[in-house]
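J.: My structure is in target.txt, and what it holds is compact mmCIF, C-alpha atoms and all ligand atoms:
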# COMPACT_ATOMS: atom_id res chain seq x y z
CA MET A 1 70.55 98.27 99.17
CA ASP A 2 73.82 97.39 100.88
CA THR A 3 76.98 98.91 99.53
CA ILE A 4 79.51 96.58 97.94
CA PRO A 5 81.66 95.25 99.49
CA ASN A 6 79.58 95.19 102.66
CA ARG A 7 82.28 93.02 104.27
CA GLU A 8 85.96 92.69 103.41
CA PRO A 9 87.18 89.22 102.35
CA PHE A 10 89.18 87.28 104.95
CA ILE A 11 91.15 84.05 105.21
CA GLN A 12 89.69 81.24 107.34
CA PRO A 13 91.76 78.14 108.18
CA LEU A 14 89.89 74.85 107.72
CA HIS A 15 89.64 72.45 110.63
CA PRO A 16 92.87 70.36 110.73
CA ASP A 17 90.79 67.14 110.70
CA TRP A 18 89.80 68.04 107.18
CA TYR A 19 93.28 68.07 105.63
CA ARG A 20 95.65 66.25 108.00
CA PRO A 21 97.86 64.28 107.52
CA TYR A 22 97.98 65.03 103.81
CA VAL A 23 99.20 68.67 103.64
CA ALA A 24 100.70 71.32 105.94
CA ALA A 25 97.87 73.86 105.73
CA LEU A 26 94.55 74.39 104.00
CA ASP A 27 92.81 77.73 104.29
CA MET A 28 89.88 79.34 102.52
CA LEU A 29 89.68 82.88 101.16
CA ARG A 30 86.12 83.96 101.89
CA LEU A 31 85.09 86.11 98.93
CA ASP A 32 81.52 84.94 99.50
CA VAL A 33 81.16 87.44 102.37
CA VAL A 34 81.52 90.45 100.09
CA HIS A 35 77.78 90.67 99.43
CA PRO A 36 74.79 88.30 99.65
CA VAL A 37 74.01 88.72 95.94
CA VAL A 38 77.03 90.29 94.25
CA SER A 39 79.12 87.60 95.85
CA GLY A 40 82.59 86.30 95.46
CA ASN A 41 84.33 86.66 92.16
CA LYS A 42 81.32 88.31 90.47
CA TRP A 43 81.99 91.58 92.22
CA TYR A 44 85.61 91.65 91.00
CA LYS A 45 84.65 90.73 87.43
CA LEU A 46 81.99 93.45 87.31
CA LYS A 47 83.70 96.24 89.17
CA HIS A 48 86.18 97.15 86.46
CA ASN A 49 83.53 96.78 83.76
CA LEU A 50 81.10 99.12 85.50
CA GLN A 51 83.76 101.71 86.32
CA HIS A 52 84.79 101.61 82.67
CA ALA A 53 81.17 102.03 81.55
CA ILE A 54 80.78 105.11 83.75
CA GLU A 55 84.06 106.64 82.62
CA GLU A 56 83.00 106.19 79.02
CA GLY A 57 79.67 107.90 79.70
CA TYR A 58 77.33 104.93 79.32
CA LYS A 59 73.93 105.15 81.05
CA SER A 60 73.12 101.45 80.94
CA VAL A 61 74.69 97.99 80.84
CA LEU A 62 73.49 94.90 79.03
CA THR A 63 74.59 91.37 79.77
CA PHE A 64 73.63 87.70 79.32
CA GLY A 65 72.77 84.72 81.48
CA GLY A 66 70.56 81.71 82.18
CA ALA A 67 67.63 81.58 84.61
CA TYR A 68 69.97 80.60 87.49
CA SER A 69 72.89 82.85 86.60
CA ASN A 70 74.88 84.27 89.53
CA HIS A 71 76.42 86.70 87.07
CA LEU A 72 73.09 88.13 85.91
CA VAL A 73 71.79 88.90 89.38
CA ALA A 74 75.17 90.26 90.45
CA ALA A 75 75.19 92.56 87.42
CA ALA A 76 71.67 93.77 88.26
CA ALA A 77 72.61 94.61 91.86
CA ALA A 78 75.98 96.16 91.02
CA ALA A 79 74.55 98.27 88.17
CA LYS A 80 71.92 99.58 90.55
CA GLN A 81 74.61 100.60 93.04
CA TYR A 82 76.46 102.46 90.27
CA GLY A 83 73.26 104.19 89.13
CA LEU A 84 73.27 102.43 85.76
CA ARG A 85 70.18 101.00 84.09
CA SER A 86 70.55 97.25 83.44
CA ILE A 87 69.25 94.90 80.79
CA GLY A 88 69.50 91.11 81.00
CA ILE A 89 69.24 88.86 77.95
CA VAL A 90 67.96 85.54 79.34
CA ARG A 91 68.52 82.18 77.66
CA GLY A 92 65.27 80.28 76.97
CA THR A 93 61.78 81.68 76.47
CA TYR A 94 60.49 78.94 78.83
CA ALA A 95 62.08 80.88 81.69
CA GLN A 96 59.45 83.59 81.25
CA LYS A 97 56.62 81.24 82.20
CA SER A 98 57.87 80.37 85.67
CA ILE A 99 60.40 82.95 86.66
CA THR A 100 63.14 81.63 88.97
CA PRO A 101 64.12 83.20 92.32
CA THR A 102 67.35 84.40 90.65
CA LEU A 103 65.41 86.23 87.94
CA GLN A 104 62.97 87.62 90.52
CA ASP A 105 65.96 89.14 92.27
CA CYS A 106 67.19 90.58 88.96
CA VAL A 107 63.83 92.31 88.50
CA ALA A 108 63.85 93.50 92.12
CA TYR A 109 67.19 95.22 91.41
CA GLY A 110 65.59 96.96 88.46
CA MET A 111 66.94 94.82 85.64
CA GLU A 112 64.88 94.74 82.48
CA LEU A 113 64.73 91.16 81.18
CA GLN A 114 64.45 90.02 77.59
CA PHE A 115 63.84 86.29 77.11
CA VAL A 116 65.27 84.85 73.92
CA SER A 117 65.31 81.40 72.30
CA ARG A 118 68.36 79.19 72.72
CA GLU A 119 69.15 79.77 69.04
CA GLU A 120 69.10 83.53 69.46
CA TYR A 121 71.08 83.31 72.70
CA ALA A 122 73.78 81.35 70.89
CA MET A 123 74.51 84.51 68.85
CA LYS A 124 75.58 86.37 72.02
CA GLU A 125 79.11 86.94 70.75
CA GLU A 126 78.28 87.82 67.14
CA GLY A 127 78.90 91.40 66.08
CA ASP A 128 75.67 91.83 64.09
CA TYR A 129 73.55 90.57 66.93
CA LEU A 130 75.29 92.81 69.47
CA LEU A 131 74.79 95.78 67.18
CA GLN A 132 71.09 95.01 66.96
CA LEU A 133 70.78 94.76 70.77
CA SER A 134 72.78 97.93 71.16
CA GLN A 135 70.32 99.83 68.96
CA GLN A 136 67.26 98.25 70.54
CA PHE A 137 68.34 99.24 74.06
CA ASP A 138 69.77 102.67 73.34
CA LEU A 139 73.52 101.97 73.27
CA PRO A 140 74.26 100.13 76.53
CA TYR A 141 77.74 99.03 77.58
CA ILE A 142 77.73 95.31 76.76
CA ILE A 143 79.33 92.82 79.18
CA PRO A 144 79.70 89.26 77.85
CA GLU A 145 78.15 86.28 79.63
CA GLY A 146 79.92 85.57 82.92
CA GLY A 147 81.79 88.90 82.79
CA ALA A 148 84.33 87.12 80.59
CA ASN A 149 86.36 89.94 79.09
CA GLU A 150 89.59 91.83 79.62
CA ASN A 151 88.04 94.13 82.23
CA GLY A 152 86.75 91.04 84.06
CA ARG A 153 90.21 89.46 84.12
CA ILE A 154 91.85 92.71 85.26
CA GLY A 155 89.28 93.07 88.05
CA CYS A 156 90.12 89.56 89.27
CA GLU A 157 93.79 90.46 89.63
CA GLU A 158 92.66 92.27 92.79
CA ILE A 159 91.74 88.88 94.31
CA ALA A 160 95.46 88.01 94.30
CA SER A 161 96.14 90.97 96.61
CA PHE A 162 94.45 89.01 99.44
CA ILE A 163 96.84 86.07 98.93
CA ASP A 164 100.23 86.10 100.64
CA ASP A 165 103.20 84.22 99.28
CA LYS A 166 103.27 81.54 101.97
CA TYR A 167 100.74 79.58 99.86
CA THR A 168 102.13 77.03 97.39
CA HIS A 169 98.80 76.07 95.78
CA ILE A 170 95.73 78.17 94.98
CA CYS A 171 92.48 76.36 94.12
CA LEU A 172 89.35 77.91 92.62
CA ALA A 173 86.27 76.86 90.68
CA VAL A 174 86.07 77.83 87.01
CA GLY A 175 83.13 78.65 84.75
CA THR A 176 84.49 80.86 82.00
CA GLY A 177 87.96 80.84 83.60
CA THR A 178 88.01 84.64 83.85
CA SER A 179 88.77 84.60 87.58
CA PHE A 180 91.36 81.83 87.17
CA CYS A 181 93.27 83.87 84.58
CA GLY A 182 93.11 87.13 86.51
CA VAL A 183 94.36 85.49 89.71
CA ALA A 184 97.05 83.40 87.99
CA ASN A 185 98.42 86.40 86.09
CA ALA A 186 98.76 88.40 89.30
CA LEU A 187 100.51 85.71 91.40
CA PRO A 188 104.21 84.73 91.35
CA ALA A 189 104.95 82.46 88.37
CA ASP A 190 105.88 79.43 90.50
CA THR A 191 102.62 79.35 92.48
CA SER A 192 100.47 76.39 91.42
CA VAL A 193 96.94 77.43 90.45
CA TYR A 194 94.36 74.66 90.03
CA GLY A 195 90.92 75.22 88.54
CA TYR A 196 87.89 72.93 89.04
CA ALA A 197 85.32 72.84 86.25
CA PRO A 198 81.74 71.98 87.27
CA MET A 199 80.49 70.92 83.82
CA LYS A 200 80.93 67.77 81.73
CA GLY A 201 83.85 67.96 79.32
CA GLY A 202 85.34 70.96 81.11
CA ASP A 203 88.84 69.84 80.10
CA TYR A 204 88.64 72.20 77.12
CA LEU A 205 89.07 75.06 79.59
CA ASN A 206 92.78 74.19 79.77
CA GLU A 207 93.01 76.09 76.47
CA ILE A 208 92.57 79.40 78.28
CA ILE A 209 95.94 78.89 79.96
CA ASP A 210 97.73 79.39 76.65
CA ILE A 211 95.36 82.11 75.46
CA TYR A 212 95.11 84.43 78.47
CA LEU A 213 98.00 83.69 80.80
CA GLU A 214 101.19 85.63 80.35
CA ALA A 215 103.83 83.35 78.81
CA ASP A 216 105.94 83.12 81.98
CA LYS A 217 102.87 82.27 84.13
CA ARG A 218 101.74 79.08 82.37
CA ALA A 219 103.74 76.52 84.40
CA ASN A 220 102.01 74.78 87.32
CA LYS A 221 98.54 75.79 86.11
CA LYS A 222 95.87 73.15 85.49
CA ILE A 223 92.11 72.78 85.22
CA TYR A 224 90.50 69.56 86.50
CA ALA A 225 87.14 68.44 85.19
CA ASP A 226 86.48 65.16 87.04
CA TRP A 227 84.03 66.46 89.63
CA HIS A 228 81.00 67.64 87.65
CA PHE A 229 78.51 65.35 89.46
CA GLY A 230 76.42 64.83 86.31
CA GLY A 231 76.90 68.23 84.67
CA PHE A 232 76.56 71.97 85.16
CA GLY A 233 73.91 72.82 87.77
CA LYS A 234 73.29 69.11 88.49
CA TRP A 235 73.83 67.52 91.87
CA THR A 236 73.71 64.16 93.62
CA ASP A 237 72.82 63.08 97.17
CA GLU A 238 76.51 62.38 97.63
CA LEU A 239 77.36 66.02 96.83
CA ILE A 240 74.72 67.40 99.23
CA GLY A 241 75.93 64.99 101.93
CA PHE A 242 79.48 66.23 101.35
CA MET A 243 78.42 69.90 101.60
CA ASN A 244 76.61 69.24 104.92
CA GLU A 245 79.60 67.34 106.28
CA PHE A 246 81.93 70.15 105.18
CA TYR A 247 79.73 72.65 107.01
CA ARG A 248 79.71 70.52 110.18
CA THR A 249 83.52 70.36 110.21
CA ASN A 250 84.40 73.87 109.01
CA GLU A 251 81.28 76.01 109.48
CA ILE A 252 81.60 77.28 105.93
CA PRO A 253 78.58 77.07 103.60
CA LEU A 254 79.42 75.92 100.06
CA ASP A 255 77.29 76.37 96.93
CA MET A 256 76.16 73.37 94.92
CA VAL A 257 77.15 74.62 91.47
CA TYR A 258 80.80 75.53 91.97
CA THR A 259 82.47 75.50 95.38
CA GLY A 260 80.81 72.29 96.66
CA LYS A 261 82.14 70.36 93.66
CA MET A 262 85.58 71.94 93.96
CA MET A 263 85.97 71.00 97.63
CA ALA A 264 84.71 67.45 96.95
CA GLY A 265 87.43 67.21 94.29
CA ILE A 266 90.09 68.57 96.62
CA GLN A 267 89.12 66.09 99.32
CA GLN A 268 89.70 63.26 96.87
CA GLN A 269 92.95 64.77 95.63
CA LEU A 270 94.21 65.03 99.22
CA GLN A 271 93.55 61.33 99.73
CA GLN A 272 95.24 60.53 96.41
CA GLN A 273 98.22 62.66 97.50
CA VAL A 274 98.10 64.90 94.46
CA PHE A 275 99.50 67.66 96.70
CA PRO A 276 102.96 67.31 98.30
CA ALA A 277 102.96 66.87 102.09
CA ASP A 278 104.47 70.33 102.63
CA ALA A 279 101.84 72.08 100.48
CA ARG A 280 100.12 75.15 101.91
CA ILE A 281 96.85 75.38 100.02
CA LEU A 282 94.48 78.31 99.73
CA CYS A 283 91.02 77.55 98.30
CA ILE A 284 89.01 80.51 97.08
CA HIS A 285 85.33 80.65 98.05
CA THR A 286 83.89 82.36 94.98
CA GLY A 287 80.40 82.73 96.48
CA GLY A 288 77.28 81.64 94.62
CA LEU A 289 75.29 80.82 97.75
CA GLN A 290 72.14 82.44 96.34
CA GLY A 291 72.02 79.47 93.94
CA ASN A 292 71.33 77.02 96.80
CA VAL A 293 67.63 77.98 97.12
CA SER A 294 66.42 74.93 95.20
CA ILE A 295 68.15 72.49 97.61
CA GLN A 296 67.66 74.56 100.77
CA GLN A 297 65.53 71.90 102.51
CA SER A 298 68.34 69.33 102.15
CA LEU A 299 71.01 71.58 103.68
CA ILE A 300 71.75 72.04 107.37
CA TYR A 301 72.69 75.70 106.76
C1 LIG B 1 80.56 82.45 88.28
C2 LIG B 1 81.18 81.62 89.34
C3 LIG B 1 82.41 80.96 89.13
C4 LIG B 1 83.12 80.97 87.79
O1 LIG B 1 83.85 82.13 87.56
P1 LIG B 1 84.63 82.34 86.17
O2 LIG B 1 85.35 83.60 86.36
O3 LIG B 1 83.57 82.45 85.10
O4 LIG B 1 85.47 81.17 85.91
C5 LIG B 1 82.97 80.26 90.18
N1 LIG B 1 82.34 80.18 91.37
C6 LIG B 1 81.15 80.77 91.60
C7 LIG B 1 80.51 80.59 92.92
C8 LIG B 1 80.53 81.50 90.59
O5 LIG B 1 79.33 82.06 90.82
As a first step, turn the structure in this file into C-alpha cells.
Ligand SMILES: *Cc1c(COP(=O)(O)O)cnc(C)c1O
T.:
Amino acid sequence: MDTIPNREPFIQPLHPDWYRPYVAALDMLRLDVVHPVVSGNKWYKLKHNLQHAIEEGYKSVLTFGGAYSNHLVAAAAAAKQYGLRSIGIVRGTYAQKSITPTLQDCVAYGMELQFVSREEYAMKEEGDYLLQLSQQFDLPYIIPEGGANENGRIGCEEIASFIDDKYTHICLAVGTGTSFCGVANALPADTSVYGYAPMKGGDYLNEIIDIYLEADKRANKKIYADWHFGGFGKWTDELIGFMNEFYRTNEIPLDMVYTGKMMAGIQQQLQQQVFPADARILCIHTGGLQGNVSIQQSLIY
C-alpha cells in the first residue's frame, strides 16, 4: 500500500472565467491528492487519533460508518499503515447482503466489519454500548463516527498551515464540522470561514461554532445549508452537470457528496455577491472522490 501522504497538498488557482468579475481571486487547496482512499480531511482527522492510539499502547482501532462512508475506508487504510488492527461497525444489516465498493475496500485493507441494525447503531455514543464493544473486540481504541473528537479537531489544525494570510475567506464542506472547527481555530480570528452542509436541515451545525471554536474565533464563521440537492448522498442531474462543467473549466474532479455541492453553492453566492469584490477566497478540496463510483458513467472524469 502507498504511504500517506503519497503527495503533498498544493494550492491550485481556478480558471479566472469561473470567478470573475465577482471576486479578486479564487483558489483551491487540493487535499484530495494526499491519497486515493485516505483522502482530504480524513487523513488529518485520523492521524492524531492513530498516533495517540499507538502511544497509549492500543493494538486495534474501532470506528463507525455507513456503507458509503469515506471515514470508514480511510480508517481501514490508515490503521493498516500504522500496523493496527481495525474494526468497523456498519450501520444497517441490509448492507451485508450486497456489500458496497466502499465496504469491499474496507475489507481489502483488513478491516473486520460488524453490521448492526439502525437502532443499535444509534447507540454509538452511549457509554454502556461502547463498553460492550470494547470488551467484545479486546479493548480497541474507539474513534467516533466521522473522526469527530478532540484529536480529530487538533489534527485538522494542520490544514491551516497550508493557508497563507492573503486569503480573506476560507470555504469547506462540513459533515460533522470537525474539520471546520480545527481549521477555524488555527486561522487568524478575522478570517471568514464558511462551511457548506450537504444534508437537509444542516443549519443546526451552526451550533458547533459556539461549542468548539475558541471564544475570540467565532466572528465571521458561518455554515450554509441551502445546497443539499435533496439530502445527504443524494444528487440531481443539475449537480452532475455542474461537476462536469467545473471539471471542463478547472480540470479539478469534485465528489458528489460534499465538494460538488459546496462549489455549486459558491457559484451561486458569487453571482449573488455574497463575497465582497476584493475577496480572496480559498476553497478546500476535502477529497471523497472514491464515493463517485456509483455515478462514474455520468462523469467526464
Ligand atoms: C468527511 C468529509 C467531509 C466532512 O468532514 P467533517 O470534518 O466531518 O465536517 C467533507 N468533505 C469530504 C470529501 C468528506 O469525505
J.: Could I get the residue neighbourhood of ligand LIG 1 (chain B) at 8 Å, counting only C-alpha atoms and all ligand atoms, as a PyMOL selection string?
T.: chain A and resi 32+39-42+45+69-71+146-148+152-153+172-180+255+257-259+285-289
J.: So which residues touch region 76-93 of chain A within 10 Å, counting all atoms listed in the file, skipping near sequence neighbours fewer than 4 positions away, as a ChimeraX atom specification?
T.: /A:1-4,35,37-38,42-43,46-47,50-51,53-54,58-69,71-72,97,103,105-122,124,133,137,140-142,145
J.: Neighbours of Ile281 (chain A) within 7 Å (all atoms listed in the file; same-chain residues fewer than 4 positions away dropped), as a ChimeraX atom specification?
T.: /A:25-27,167-170
J.: Given all atoms listed in the file as the basis, pick out the residue of A:Leu299, A:Ala277, A:Ile223, A:Val293 nearest to Phe242 (chain A).
T.: A:Leu299
J.: Given the point (88.3, 92.2, 90.8) in the file's coordinates, find the residues that have an atom at most 6 Å from it, counting all atoms listed in the file, and give them as a PyMOL selection string.
T.: chain A and resi 44-45+155-159
J.: What does the structure give for the distance between CA of Leu270 (chain A) and CA of Met28 (chain A), in Å to one decimal?
T.: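 We find that CA of Leu270 (chain A) and CA of Met28 (chain A) lie 15.3 Å from each other.
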J.: What does the structure give for the distance between CA of Ala74 (chain A) and CA of Tyr129 (chain A), in Å to one decimal?
T.: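 These two atoms are separated by 23.6 Å.
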J.: Draw an axis-aligned box tight on the listed atoms of region 263-278 of chain A, then pad every side by 8 Å and write out centre and edge lengths in Å to one decimal as lines of an AutoDock Vina configuration file.
T.:
center_x = 94.6
center_y = 65.8
center_z = 98.5
size_x = 35.8
size_y = 26.5
size_z = 24.3
J.: So that I can see what lies close to Trp227 (chain A), please list as a PyMOL selection string the residues with an atom at most 7 Å from it, counting only C-alpha atoms and leaving out residues fewer than 4 positions away in the same chain.
T.: chain A and resi 198+261+265
J.: When you get a chance, write out N, CA and C atoms for region 250-261 of chain A, as a PDB file, in the frame of the given file.
T.:
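Final file, result-v3.pdb:
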ATOM      1  N   ASN A 250      83.720  72.586 109.212  1.00  0.00           N
ATOM      2  CA  ASN A 250      84.400  73.870 109.010  1.00  0.00           C
ATOM      3  C   ASN A 250      83.544  75.108 109.209  1.00  0.00           C
ATOM      4  N   GLU A 251      82.231  74.882 109.356  1.00  0.00           N
ATOM      5  CA  GLU A 251      81.280  76.010 109.480  1.00  0.00           C
ATOM      6  C   GLU A 251      81.406  76.988 108.332  1.00  0.00           C
ATOM      7  N   ILE A 252      81.594  76.443 107.132  1.00  0.00           N
ATOM      8  CA  ILE A 252      81.600  77.280 105.930  1.00  0.00           C
ATOM      9  C   ILE A 252      80.547  76.712 104.973  1.00  0.00           C
ATOM     10  N   PRO A 253      79.581  77.542 104.569  1.00  0.00           N
ATOM     11  CA  PRO A 253      78.580  77.070 103.600  1.00  0.00           C
ATOM     12  C   PRO A 253      79.162  77.072 102.192  1.00  0.00           C
ATOM     13  N   LEU A 254      78.967  75.994 101.457  1.00  0.00           N
ATOM     14  CA  LEU A 254      79.420  75.920 100.060  1.00  0.00           C
ATOM     15  C   LEU A 254      78.202  75.994  99.149  1.00  0.00           C
ATOM     16  N   ASP A 255      78.405  76.367  97.892  1.00  0.00           N
ATOM     17  CA  ASP A 255      77.290  76.370  96.930  1.00  0.00           C
ATOM     18  C   ASP A 255      77.357  75.070  96.117  1.00  0.00           C
ATOM     19  N   MET A 256      76.217  74.686  95.577  1.00  0.00           N
ATOM     20  CA  MET A 256      76.160  73.370  94.920  1.00  0.00           C
ATOM     21  C   MET A 256      76.672  73.395  93.486  1.00  0.00           C
ATOM     22  N   VAL A 257      76.749  74.571  92.875  1.00  0.00           N
ATOM     23  CA  VAL A 257      77.150  74.620  91.470  1.00  0.00           C
ATOM     24  C   VAL A 257      78.674  74.615  91.310  1.00  0.00           C
ATOM     25  N   TYR A 258      79.357  75.370  92.161  1.00  0.00           N
ATOM     26  CA  TYR A 258      80.800  75.530  91.970  1.00  0.00           C
ATOM     27  C   TYR A 258      81.642  75.056  93.160  1.00  0.00           C
ATOM     28  N   THR A 259      81.497  75.735  94.296  1.00  0.00           N
ATOM     29  CA  THR A 259      82.470  75.500  95.380  1.00  0.00           C
ATOM     30  C   THR A 259      82.293  74.143  96.057  1.00  0.00           C
ATOM     31  N   GLY A 260      81.038  73.622  96.086  1.00  0.00           N
ATOM     32  CA  GLY A 260      80.810  72.290  96.660  1.00  0.00           C
ATOM     33  C   GLY A 260      81.558  71.240  95.851  1.00  0.00           C
ATOM     34  N   LYS A 261      81.466  71.336  94.529  1.00  0.00           N
ATOM     35  CA  LYS A 261      82.140  70.360  93.660  1.00  0.00           C
ATOM     36  C   LYS A 261      83.662  70.496  93.761  1.00  0.00           C
TER      37      LYS A 261
END
